[in-house]
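Colleague: The following file, start-v8.pdb, comprises PDB, C-alpha atoms:
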ATOM      1  CA  ARG A   1       0.000   0.000   0.000
ATOM      2  CA  ARG A   2       2.849   2.399   0.858
ATOM      3  CA  LEU A   3       4.485   1.610  -2.469
ATOM      4  CA  PHE A   4       1.202   2.355  -4.268
ATOM      5  CA  ILE A   5       0.860   5.720  -2.497
ATOM      6  CA  TRP A   6       4.499   6.576  -3.213
ATOM      7  CA  LYS A   7       4.043   5.795  -6.925
ATOM      8  CA  LYS A   8       0.879   7.898  -7.008
ATOM      9  CA  ILE A   9       2.663  10.871  -5.394
ATOM     10  CA  THR A  10       5.623  10.498  -7.758
ATOM     11  CA  ARG A  11       3.312  10.400 -10.781
ATOM     12  CA  ALA A  12       1.468  13.508  -9.588
ATOM     13  CA  GLN A  13       4.743  15.371  -9.066
ATOM     14  CA  HIS A  14       5.958  14.320 -12.512
ATOM     15  CA  GLU A  15       2.727  15.536 -14.124
ATOM     16  CA  LYS A  16       3.029  18.842 -12.272
ATOM     17  CA  VAL A  17       6.605  19.291 -13.488
ATOM     18  CA  GLU A  18       5.510  18.566 -17.073
ATOM     19  CA  ARG A  19       2.686  21.097 -16.814
ATOM     20  CA  CYS A  20       5.122  23.700 -15.516
ATOM     21  CA  LYS A  21       7.510  22.977 -18.383
ATOM     22  CA  LYS A  22       4.708  23.428 -20.914
ATOM     23  CA  MET A  23       3.660  26.698 -19.273
ATOM     24  CA  VAL A  24       7.250  27.942 -19.432
ATOM     25  CA  GLU A  25       7.470  27.001 -23.120
ATOM     26  CA  VAL A  26       4.182  28.785 -23.884
ATOM     27  CA  GLU A  27       5.373  31.930 -22.091
ATOM     28  CA  LYS A  28       8.724  31.739 -23.896
ATOM     29  CA  GLU A  29       6.927  31.516 -27.251
ATOM     30  CA  LYS A  30       4.809  34.545 -26.349
ATOM     31  CA  ARG A  31       7.935  36.474 -25.372
ATOM     32  CA  ASP A  32       9.738  35.489 -28.571
ATOM     33  CA  ASP A  33       6.730  36.398 -30.732
ATOM     34  CA  PHE A  34       6.599  39.809 -29.073
ATOM     35  CA  ILE A  35      10.313  40.426 -29.698
ATOM     36  CA  TYR A  36       9.980  39.267 -33.333
ATOM     37  CA  SER A  37       7.173  41.793 -33.808
ATOM     38  CA  MET A  38       9.458  44.617 -32.622
ATOM     39  CA  PHE A  39      12.755  43.725 -34.315
ATOM     40  CA  PRO A  40      13.857  42.185 -37.636
ATOM     41  CA  ARG A  41      14.364  38.444 -37.286
ATOM     42  CA  PRO A  42      18.209  38.370 -37.108
ATOM     43  CA  VAL A  43      18.178  41.212 -34.554
ATOM     44  CA  ALA A  44      15.460  39.501 -32.521
ATOM     45  CA  LYS A  45      17.400  36.222 -32.487
ATOM     46  CA  GLU A  46      20.484  38.009 -31.188
ATOM     47  CA  LEU A  47      18.503  39.770 -28.461
ATOM     48  CA  ILE A  48      16.830  36.524 -27.366
ATOM     49  CA  LYS A  49      20.176  34.729 -27.322
ATOM     50  CA  HIS A  50      21.731  37.569 -25.348
ATOM     51  CA  GLY A  51      18.878  37.519 -22.821
ATOM     52  CA  GLU A  52      19.124  33.751 -22.309
ATOM     53  CA  GLU A  53      22.891  33.818 -21.867
ATOM     54  CA  ASN A  54      23.100  36.856 -19.608
ATOM     55  CA  GLY A  55      19.716  37.065 -17.868
ATOM     56  CA  LYS A  56      19.869  37.361 -14.089
ATOM     57  CA  ASP A  57      17.190  37.294 -11.417
ATOM     58  CA  ASN A  58      18.543  40.451  -9.796
ATOM     59  CA  ASP A  59      20.604  43.326 -11.156
ATOM     60  CA  HIS A  60      23.099  43.030  -8.292
ATOM     61  CA  ASN A  61      23.987  39.519  -9.494
ATOM     62  CA  MET A  62      25.300  40.887 -12.792
ATOM     63  CA  THR A  63      29.029  40.777 -13.257
ATOM     64  CA  ILE A  64      31.187  43.435 -14.921
ATOM     65  CA  LYS A  65      31.388  41.154 -17.966
ATOM     66  CA  ASP A  66      27.574  40.993 -18.197
ATOM     67  CA  VAL A  67      27.303  44.788 -18.111
ATOM     68  CA  ALA A  68      29.956  45.108 -20.835
ATOM     69  CA  LEU A  69      28.052  42.656 -23.044
ATOM     70  CA  VAL A  70      24.842  44.663 -22.662
ATOM     71  CA  HIS A  71      26.483  47.932 -23.625
ATOM     72  CA  ASN A  72      28.319  46.374 -26.582
ATOM     73  CA  LEU A  73      25.164  44.735 -27.952
ATOM     74  CA  GLY A  74      24.020  47.652 -30.112
ATOM     75  CA  ARG A  75      27.486  48.249 -31.531
ATOM     76  CA  SER A  76      28.016  44.581 -32.389
ATOM     77  CA  MET A  77      24.706  44.510 -34.295
ATOM     78  CA  ALA A  78      25.271  47.672 -36.347
ATOM     79  CA  CYS A  79      24.851  47.150 -40.112
ATOM     80  CA  MET A  80      25.127  49.287 -43.227
ATOM     81  CA  HIS A  81      22.334  48.863 -45.772
ATOM     82  CA  LYS A  82      22.685  49.852 -49.427
ATOM     83  CA  ASP A  83      19.950  51.486 -51.521
ATOM     84  CA  VAL A  84      17.184  51.482 -48.919
ATOM     85  CA  THR A  85      14.045  53.516 -49.626
ATOM     86  CA  ILE A  86      12.911  55.465 -46.552
ATOM     87  CA  LEU A  87       9.341  56.781 -46.414
ATOM     88  CA  PHE A  88       7.618  59.122 -43.963
ATOM     89  CA  THR A  89       3.950  60.009 -43.606
ATOM     90  CA  ASP A  90       2.575  62.970 -41.666
ATOM     91  CA  ILE A  91      -1.008  64.033 -40.927
ATOM     92  CA  VAL A  92      -2.068  67.427 -42.285
ATOM     93  CA  GLY A  93      -3.504  69.664 -39.555
ATOM     94  CA  PHE A  94      -2.591  67.279 -36.751
ATOM     95  CA  THR A  95      -1.219  69.850 -34.268
ATOM     96  CA  PRO A  96      -4.284  72.153 -34.159
ATOM     97  CA  MET A  97      -6.540  69.097 -34.043
ATOM     98  CA  ALA A  98      -4.588  67.594 -31.129
ATOM     99  CA  ASN A  99      -4.775  70.914 -29.259
ATOM    100  CA  ALA A 100      -8.555  71.051 -29.666
ATOM    101  CA  CYS A 101      -9.389  67.413 -28.870
ATOM    102  CA  GLN A 102      -9.077  65.141 -25.856
ATOM    103  CA  PRO A 103      -5.880  63.041 -25.708
ATOM    104  CA  TYR A 104      -7.789  59.755 -25.678
ATOM    105  CA  GLU A 105      -9.633  60.812 -28.845
ATOM    106  CA  VAL A 106      -6.319  61.518 -30.575
ATOM    107  CA  MET A 107      -4.862  58.201 -29.422
ATOM    108  CA  HIS A 108      -7.920  56.273 -30.647
ATOM    109  CA  PHE A 109      -7.731  58.014 -34.042
ATOM    110  CA  LEU A 110      -3.982  57.335 -34.468
ATOM    111  CA  ASN A 111      -4.379  53.713 -33.411
ATOM    112  CA  ASN A 112      -7.049  53.087 -36.052
ATOM    113  CA  LEU A 113      -5.049  54.795 -38.804
ATOM    114  CA  PHE A 114      -1.673  53.277 -37.977
ATOM    115  CA  THR A 115      -3.137  49.805 -37.495
ATOM    116  CA  ALA A 116      -4.340  50.014 -41.099
ATOM    117  CA  PHE A 117      -0.821  51.107 -42.156
ATOM    118  CA  ASP A 118       0.625  48.160 -40.217
ATOM    119  CA  GLU A 119      -1.512  45.789 -42.281
ATOM    120  CA  PHE A 120      -0.053  47.233 -45.493
ATOM    121  CA  VAL A 121       3.456  46.652 -44.124
ATOM    122  CA  ASP A 122       2.609  43.037 -43.245
ATOM    123  CA  LEU A 123       1.502  42.383 -46.836
ATOM    124  CA  GLU A 124       4.903  43.297 -48.345
ATOM    125  CA  SER A 125       8.120  41.484 -47.382
ATOM    126  CA  HIS A 126      10.294  44.402 -48.515
ATOM    127  CA  LEU A 127       8.823  46.738 -45.896
ATOM    128  CA  TRP A 128       9.731  47.244 -42.266
ATOM    129  CA  LYS A 129       7.931  49.634 -39.931
ATOM    130  CA  VAL A 130      10.711  51.509 -38.175
ATOM    131  CA  GLU A 131       8.741  53.651 -35.759
ATOM    132  CA  THR A 132       5.930  56.124 -35.129
ATOM    133  CA  VAL A 133       6.629  59.468 -33.480
ATOM    134  CA  GLY A 134       3.515  61.511 -32.788
ATOM    135  CA  ASP A 135       1.631  61.554 -36.084
ATOM    136  CA  ALA A 136       4.662  60.511 -38.154
ATOM    137  CA  PHE A 137       4.890  56.952 -39.540
ATOM    138  CA  MET A 138       8.309  55.764 -40.778
ATOM    139  CA  VAL A 139       8.846  52.800 -43.117
ATOM    140  CA  ALA A 140      12.020  51.324 -44.629
ATOM    141  CA  SER A 141      11.978  49.219 -47.790
ATOM    142  CA  GLY A 142      14.843  46.957 -48.837
ATOM    143  CA  LEU A 143      16.775  46.559 -45.584
ATOM    144  CA  GLY A 144      17.494  42.972 -46.567
ATOM    145  CA  ILE A 145      17.360  41.519 -43.050
ATOM    146  CA  MET A 146      13.690  40.715 -42.591
ATOM    147  CA  SER A 147      14.024  36.945 -42.941
ATOM    148  CA  GLY A 148      17.633  36.438 -41.956
ATOM    149  CA  LYS A 149      18.603  35.465 -45.529
ATOM    150  CA  ALA A 150      20.477  38.654 -46.285
ATOM    151  CA  GLY A 151      23.750  38.536 -48.120
ATOM    152  CA  ARG A 152      26.695  40.017 -46.226
ATOM    153  CA  GLU A 153      29.515  41.826 -47.959
ATOM    154  CA  PRO A 154      32.998  42.158 -46.417
ATOM    155  CA  GLU A 155      33.046  44.165 -43.202
ATOM    156  CA  ALA A 156      34.312  47.736 -43.318
ATOM    157  CA  LEU A 157      36.500  49.384 -40.694
ATOM    158  CA  VAL A 158      34.989  52.620 -39.435
ATOM    159  CA  GLU A 159      36.831  55.115 -37.254
ATOM    160  CA  LEU A 160      34.704  56.620 -34.500
ATOM    161  CA  ILE A 161      35.754  59.404 -32.138
ATOM    162  CA  GLN A 162      34.388  59.046 -28.611
ATOM    163  CA  SER A 163      34.237  62.058 -26.323
ATOM    164  CA  HIS A 164      34.443  61.748 -22.557
ATOM    165  CA  SER A 165      33.793  64.235 -19.788
ATOM    166  CA  GLN A 166      33.741  63.801 -16.018
ATOM    167  CA  THR A 167      32.492  67.338 -15.276
ATOM    168  CA  PHE A 168      30.462  70.052 -16.960
ATOM    169  CA  SER A 169      33.557  72.091 -17.743
ATOM    170  CA  MET A 170      34.325  72.399 -21.461
ATOM    171  CA  ASP A 171      38.044  72.136 -20.680
ATOM    172  CA  SER A 172      37.610  68.656 -19.222
ATOM    173  CA  PHE A 173      36.577  66.980 -22.472
ATOM    174  CA  SER A 174      38.875  64.333 -23.900
ATOM    175  CA  SER A 175      38.498  62.110 -26.916
ATOM    176  CA  GLU A 176      39.819  58.837 -28.225
ATOM    177  CA  LYS A 177      39.663  57.118 -31.588
ATOM    178  CA  LYS A 178      38.545  53.525 -31.979
ATOM    179  CA  LEU A 179      38.082  51.243 -34.971
ATOM    180  CA  TYR A 180      34.862  49.238 -35.264
ATOM    181  CA  ARG A 181      33.815  46.667 -37.831
ATOM    182  CA  ILE A 182      30.483  47.512 -39.478
ATOM    183  CA  LYS A 183      28.680  44.805 -41.460
ATOM    184  CA  THR A 184      27.252  45.694 -44.867
ATOM    185  CA  VAL A 185      23.967  43.998 -45.749
ATOM    186  CA  LYS A 186      22.355  43.514 -49.158
ATOM    187  CA  CYS A 187      19.157  41.604 -49.779
ATOM    188  CA  SER A 188      19.813  38.247 -51.439
ATOM    189  CA  GLU A 189      16.220  37.024 -51.553
ATOM    190  CA  LYS A 190      14.498  36.307 -54.853
ATOM    191  CA  ASN A 191      13.043  39.424 -56.520
ATOM    192  CA  CYS A 192      14.610  41.666 -53.863
ATOM    193  CA  ASN A 193      16.641  44.596 -55.195
ATOM    194  CA  GLU A 194      16.669  48.387 -55.025
ATOM    195  CA  PHE A 195      14.089  48.622 -57.837
ATOM    196  CA  SER A 196      11.529  46.314 -56.202
ATOM    197  CA  ALA A 197      12.190  47.902 -52.805
ATOM    198  CA  ALA A 198      11.544  51.421 -54.142
ATOM    199  CA  ARG A 199       8.400  50.211 -55.926
ATOM    200  CA  ALA A 200       7.133  48.621 -52.698
ATOM    201  CA  ALA A 201       7.648  51.907 -50.835
ATOM    202  CA  VAL A 202       5.774  53.914 -53.478
ATOM    203  CA  LEU A 203       2.904  51.411 -53.472
ATOM    204  CA  PHE A 204       2.743  51.673 -49.685
ATOM    205  CA  GLY A 205       2.609  55.472 -49.968
ATOM    206  CA  LYS A 206      -0.284  55.265 -52.461
ATOM    207  CA  ALA A 207      -2.173  52.832 -50.253
ATOM    208  CA  ALA A 208      -1.573  54.961 -47.141
ATOM    209  CA  ILE A 209      -2.904  58.095 -48.884
ATOM    210  CA  ALA A 210      -6.043  56.223 -49.989
ATOM    211  CA  GLU A 211      -6.521  54.724 -46.524
ATOM    212  CA  ALA A 212      -6.174  58.103 -44.797
ATOM    213  CA  ARG A 213      -9.045  59.468 -46.890
ATOM    214  CA  LEU A 214     -11.326  56.855 -45.292
ATOM    215  CA  HIS A 215     -10.694  58.244 -41.798
ATOM    216  CA  SER A 216     -11.966  61.359 -40.057
ATOM    217  CA  MET A 217     -10.041  63.230 -37.383
ATOM    218  CA  PRO A 218     -11.594  63.702 -33.916
ATOM    219  CA  ASN A 219     -12.491  67.305 -34.790
ATOM    220  CA  GLY A 220     -14.673  66.050 -37.640
ATOM    221  CA  LYS A 221     -12.355  67.101 -40.454
ATOM    222  CA  PRO A 222     -11.301  64.567 -43.117
ATOM    223  CA  CYS A 223      -7.893  62.989 -42.663
ATOM    224  CA  ALA A 224      -5.171  63.688 -45.229
ATOM    225  CA  ILE A 225      -1.484  62.802 -45.083
ATOM    226  CA  ARG A 226       1.701  64.077 -46.677
ATOM    227  CA  VAL A 227       4.168  61.429 -47.845
ATOM    228  CA  GLY A 228       7.859  61.721 -48.716
ATOM    229  CA  ALA A 229      10.464  59.164 -49.781
ATOM    230  CA  HIS A 230      14.165  58.955 -50.655
ATOM    231  CA  THR A 231      16.552  56.129 -51.519
ATOM    232  CA  GLY A 232      20.057  55.893 -50.087
ATOM    233  CA  ASP A 233      22.357  54.128 -47.641
ATOM    234  CA  VAL A 234      21.512  53.817 -43.942
ATOM    235  CA  CYS A 235      23.027  52.295 -40.814
ATOM    236  CA  SER A 236      20.844  50.195 -38.515
ATOM    237  CA  GLY A 237      21.428  49.218 -34.925
ATOM    238  CA  VAL A 238      19.854  48.560 -31.550
ATOM    239  CA  ILE A 239      19.964  51.652 -29.345
ATOM    240  CA  GLY A 240      19.871  51.566 -25.558
ATOM    241  CA  THR A 241      19.765  48.816 -22.943
ATOM    242  CA  ARG A 242      16.478  49.758 -21.285
ATOM    243  CA  MET A 243      13.612  49.230 -23.764
ATOM    244  CA  PRO A 244      16.076  48.893 -26.688
ATOM    245  CA  ARG A 245      14.960  50.149 -30.092
ATOM    246  CA  PHE A 246      15.883  49.186 -33.643
ATOM    247  CA  CYS A 247      16.830  52.476 -35.326
ATOM    248  CA  LEU A 248      18.056  53.726 -38.697
ATOM    249  CA  PHE A 249      20.521  56.560 -39.186
ATOM    250  CA  GLY A 250      21.952  58.357 -42.179
ATOM    251  CA  ASP A 251      21.452  61.214 -44.578
ATOM    252  CA  ALA A 252      18.837  59.158 -46.432
ATOM    253  CA  VAL A 253      16.586  59.341 -43.360
ATOM    254  CA  ASN A 254      16.964  63.127 -43.116
ATOM    255  CA  THR A 255      16.322  63.592 -46.843
ATOM    256  CA  ALA A 256      13.185  61.428 -46.772
ATOM    257  CA  SER A 257      11.910  63.507 -43.872
ATOM    258  CA  ARG A 258      12.505  66.688 -45.914
ATOM    259  CA  MET A 259      10.533  65.218 -48.803
ATOM    260  CA  GLU A 260       7.595  64.597 -46.478
ATOM    261  CA  SER A 261       7.680  68.079 -44.917
ATOM    262  CA  THR A 262       7.751  69.735 -48.380
ATOM    263  CA  SER A 263       5.014  67.515 -49.805
ATOM    264  CA  SER A 264       1.348  68.469 -50.197
ATOM    265  CA  ALA A 265      -1.842  66.982 -48.784
ATOM    266  CA  SER A 266      -2.577  63.521 -50.225
ATOM    267  CA  ARG A 267       0.586  63.596 -52.374
ATOM    268  CA  LEU A 268       3.745  61.487 -52.459
ATOM    269  CA  HIS A 269       6.941  63.521 -52.879
ATOM    270  CA  ILE A 270      10.155  61.703 -53.929
ATOM    271  CA  THR A 271      13.752  62.566 -54.757
ATOM    272  CA  GLU A 272      15.522  61.984 -58.036
ATOM    273  CA  ALA A 273      17.244  58.944 -56.509
ATOM    274  CA  THR A 274      13.917  57.206 -55.898
ATOM    275  CA  TYR A 275      12.425  58.475 -59.152
ATOM    276  CA  GLY A 276      15.244  56.873 -61.136
ATOM    277  CA  LEU A 277      14.279  53.466 -59.716
ATOM    278  CA  VAL A 278      10.522  53.645 -60.364
ATOM    279  CA  CYS A 279      10.078  56.054 -63.292
ATOM    280  CA  ASP A 280       9.813  53.231 -65.844
ATOM    281  CA  ASP A 281       7.071  51.429 -63.918
ATOM    282  CA  PRO A 282       3.877  51.663 -66.024
ATOM    283  CA  GLY A 283       1.776  51.780 -62.853
ATOM    284  CA  PHE A 284       3.188  55.168 -61.791
ATOM    285  CA  THR A 285       2.874  58.655 -63.264
ATOM    286  CA  PHE A 286       4.968  61.474 -61.857
ATOM    287  CA  GLU A 287       4.882  65.252 -62.035
ATOM    288  CA  ASP A 288       8.264  66.969 -62.392
ATOM    289  CA  ARG A 289       8.504  69.678 -59.732
ATOM    290  CA  GLY A 290      11.820  70.922 -61.052
ATOM    291  CA  GLU A 291      14.565  72.091 -58.734
ATOM    292  CA  MET A 292      13.478  73.285 -55.316
ATOM    293  CA  ASP A 293      15.255  74.546 -52.219
ATOM    294  CA  VAL A 294      15.300  71.887 -49.516
ATOM    295  CA  LYS A 295      16.364  72.904 -46.014
ATOM    296  CA  GLY A 296      19.807  71.560 -45.231
ATOM    297  CA  LYS A 297      20.153  70.045 -48.728
ATOM    298  CA  GLY A 298      20.155  73.000 -51.143
ATOM    299  CA  LYS A 299      18.727  72.589 -54.643
ATOM    300  CA  MET A 300      17.141  69.204 -55.335
ATOM    301  CA  GLN A 301      15.259  67.784 -58.298
ATOM    302  CA  THR A 302      12.032  66.250 -56.973
ATOM    303  CA  TYR A 303       8.865  64.614 -58.275
ATOM    304  CA  MET A 304       5.241  64.172 -57.163
ATOM    305  CA  LEU A 305       3.241  61.011 -57.744
ATOM    306  CA  MET A 306       0.105  61.788 -59.765
TER     307      MET A 306
END
Here is a file; write its structure as structure tokens.
Modeller:
Amino acid sequence: RRLFIWKKITRAQHEKVERCKKMVEVEKEKRDDFIYSMFPRPVAKELIKHGEENGKDNDHNMTIKDVALVHNLGRSMACMHKDVTILFTDIVGFTPMANACQPYEVMHFLNNLFTAFDEFVDLESHLWKVETVGDAFMVASGLGIMSGKAGREPEALVELIQSHSQTFSMDSFSSEKKLYRIKTVKCSEKNCNEFSAARAAVLFGKAAIAEARLHSMPNGKPCAIRVGAHTGDVCSGVIGTRMPRFCLFGDAVNTASRMESTSSASRLHITEATYGLVCDDPGFTFEDRGEMDVKGKGKMQTYMLM
């Protein structure tokens, strides 16, 4: 009888352990899915691996080596991307509307609009939603790292100057030069190149403009967006250790932002670099705006999608 009871207890404990293991696996899958929704797949894999190798129950258990690994994570994952098309959207009349409406009304409106934009991004493998800031929606097309099948070119050595200061005195600043290896990424997937990436960005812009027309702002006025795009080289990386973010940097980002700010309501404004990649597409018709003064860029030849 004792043996029977002992076996029954052992079986119950074993079943409990198995249930706990399954619960842990389910929670791990949820965590991984959440990270994959925030970062490109290769970046997400690196973050998950880093968390599993260096995770601690309490911050005071972290060693100096662990802290160094955290702070080097973003630098080790930095990549250069060639011929990426950056696109920004911005809502016309957003600031006066936000000043006149309740915050929760503005949030509800933005959530509905940007959720629709998210669905457009999900439909096209070239696209990656970089971020939203206020009423601005930023998309990158052609990063080449969405599925982890990107082709890597030889690494380049980049010299960075780091400044250090222990006080607020300007005389106390010192600097040192360091060499870092930056990976260069090009998309190696089938039908993925700068032409298809630029086309995907323009199609997203058209769809976003049409979608915005279906929405009304909280003040009752119809929604309209400005859209701007530019194609160039960017550097990506994970910034920060608390709530890390996948970010893009480079002149291409600044230029795309200028195209958006100088666009018109319900129009897509592009640079000559992007125009050269999509001008032969029979599905697009463009209006030549000629040379125009662009803040911080000087004279630029630009085009508007008809």
Colleague: Could you please give me, as a VMD selection string, the residues of protein, DNA or RNA lying at most 12 Å from (13.2, 40.2, -34.2) in the coordinate frame of the file, considering all atoms listed in the file?
Modeller: chain A and resid 31 to 49 128 145 to 148 238 244 to 246
Colleague: Taking the file as I've supplied it (selection: the PyMOL selection byres ((chain A and resi 291-304) around 8)), which residues are included? Please answer as a ChimeraX atom specification.
Modeller: /A:255,258,262,267-272,275,286-290,305-306
Colleague: Where does the PyMOL selection byres ((chain A and resi 91-94) around 8) land in this file, that is, which residues does it pick, as a PyMOL selection string?
Modeller: chain A and resi 89-90+95-98+135-136+223-226+265
Colleague: Counting only C-alpha atoms, I want the residues whose atoms come within 10 Å of (13.9, 56.0, -51.3) in the file frame, returned as a ChimeraX atom specification.
Modeller: /A:83-87,140-142,194-195,197-199,201-202,228-233,252-253,255-256,270-278
Colleague: Looking at A:His108, A:His81, A:Ala116, A:Pro103, which one is nearest to Cys235 in chain A, with distances taken over all atoms listed in the file?
Modeller: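 Nearest candidate to Cys235 in chain A out of A:His108, A:His81, A:Ala116, A:Pro103: A:His81.
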